[in-house]
Every structure is written in structure tokens, then in C-alpha cells.
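Asks: Structure in C-alpha cells, see below.
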Amino acid sequence: MSLQSEIMAAMKTAMKEKNQTALAALRAVKAEILLVKTASSSDEELTEEQEIKILSKMVKQRKDSAAIFLEQKREDLAQPELEQAEVISQFLPEALSEEEIEKVVEMTIDKVGAEGMKDMGKVMGIVSKELAGQADGKTISTIVKAKLMT
């Protein structure tokens, strides 16, 4: 089942359950997918990598917005953002733990032969591509920095 089919099925369920938060999040995902498809001006389906990239970006946007709202003591605005992020993240692959990310980073450092912070870009590029949708860039960056500094 393609991502669009899954989104449509989830939208129908959200409509039946009258879940406005889920419905808003799913409509935003559908709109973003349509936007990307029309921007590339092709009738082809999006690749799984493109879909994961779109969903990850949307989850990150909502979490960032929620963080800003919480800084401003606006929990009434932060809560819907976090709920929408949760709905969208259901369509992403299972997130990895920090220990699992560390293993991938260590293997990549060994494979590339990285010897310090000058090789961070190489390591980040490979690890980010490998763990797309399973870990956020900030976590990966923190772990890579820690491993390269030791």
C-alpha cells in the first residue's frame, strides 16, 4: 500500500471518528505530497526515500513550533502541534535508539577512516542517508561529534 493510500485511509478513519487534530495533520501531509509531485511535474509516484523526507520534515517543523510555543508559555498552541507530529510520525519507520545510532556511526567512522572533526561532513552524509526517517539530524550530529572528538 502506497503512502498516499495509507494517508487517505487514515483520513477517512479520522473523519469518521471526528478527530480534528489527526485530520488536520493528514490533510497537511496530503497537501505536501501533492505540492512535491506538482513541483517535479511528473506523474510518477514518489520514492519511499522522498516520502520519508517529506514526513520527517513535517514532524520536525511541528516539534520546532511546539518548542517555540512552550518557550513562550503557550501550551495551548504547543499541544496541537505535538499531537499532529505524533499522527504524522506513525507513517515513518520505527525510530532507532541512541545505542543503535551509535553503532551505525561507529561502523561508518571505521569504514570511512574518519580521523577527527575534519571528516564530520563525510560521516554525517553517509549516516544521515542510511538512517533517513529513523533518526533526526540533531541526534546524529551530536553522536558523530562525540565519537570524532574522542
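Ordering of the C-alpha cells sets the chain letters (A, B, ...), residue numbers begin anew at 1 in every chain, and ligands are numbered from 1 in the order given.
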Residues of region 43-132 of chain A that approach region 8-28 of chain A to 8 Å or less, counting only C-alpha atoms: could you list each one with the shortest pair of atoms and its distance in Å to one decimal, rows by chain and increasing residue number, as a tab-separated table?

Replies:
```
residue	atom	partner	partner_atom	distance
A:Pro80	CA	A:Thr21	CA	6.7
A:Glu83	CA	A:Thr21	CA	7.0
A:Gln84	CA	A:Ala25	CA	5.2
A:Ala85	CA	A:Ala25	CA	7.7
A:Val87	CA	A:Ala22	CA	6.0
A:Ile88	CA	A:Ala25	CA	6.6
```

Asks: Would you mind exporting the chosen residues as a PDB file, in the first residue's frame, restricted to C-alpha atoms?

Replies:
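Saved as result_36.pdb:
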```
ATOM      1  CA  PRO A  80      -1.922  20.530  18.890  1.00  0.00           C
ATOM      2  CA  GLU A  83      -0.334  15.821  18.590  1.00  0.00           C
ATOM      3  CA  GLN A  84      -0.017  16.432  14.846  1.00  0.00           C
ATOM      4  CA  ALA A  85       3.667  15.434  14.957  1.00  0.00           C
ATOM      5  CA  VAL A  87      -0.001  11.479  13.952  1.00  0.00           C
ATOM      6  CA  ILE A  88       2.479  12.117  11.125  1.00  0.00           C
TER       7      ILE A  88
END
```

Asks: Quick one: residues within 10 Å of Gly137 (chain A), only C-alpha atoms, excluding same-chain residues fewer than 6 positions away - as a ChimeraX atom specification?

Replies: /A:60,124,127-128,131,143

Asks: Would you kindly return, as a list in words, each protein, DNA or RNA residue with an atom no farther than 8 Å from any atom of Glu86 (chain A), considering only C-alpha atoms and excluding same-chain residues fewer than 4 positions away?

Replies: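 Residues near the query, excluding close chain neighbours: Val59, Leu82 and Gln90 of chain A.
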
Asks: Just checking: using only C-alpha atoms, which residue out of A:Lys138, A:Met107, A:Glu81, A:Leu35 ends up closest to Phe69 (chain A)?

Replies: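 Residue with the minimum atom-to-atom distance to Phe69 (chain A): A:Glu81.
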
Asks: Using only C-alpha atoms, which of the listed residues (A:Met149, A:Ala132, A:Val112, A:Leu70) sits closest to Glu48 (chain A)?

Replies: A:Ala132

Asks: For a quick check of understanding, using only C-alpha atoms, which of A:Val144, A:Gly133, A:Met58, A:Glu100 has the smallest distance to Gly121 (chain A)?

Replies: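 Of A:Val144, A:Gly133, A:Met58, A:Glu100, the one nearest Gly121 (chain A) is A:Val144, counting only C-alpha atoms.
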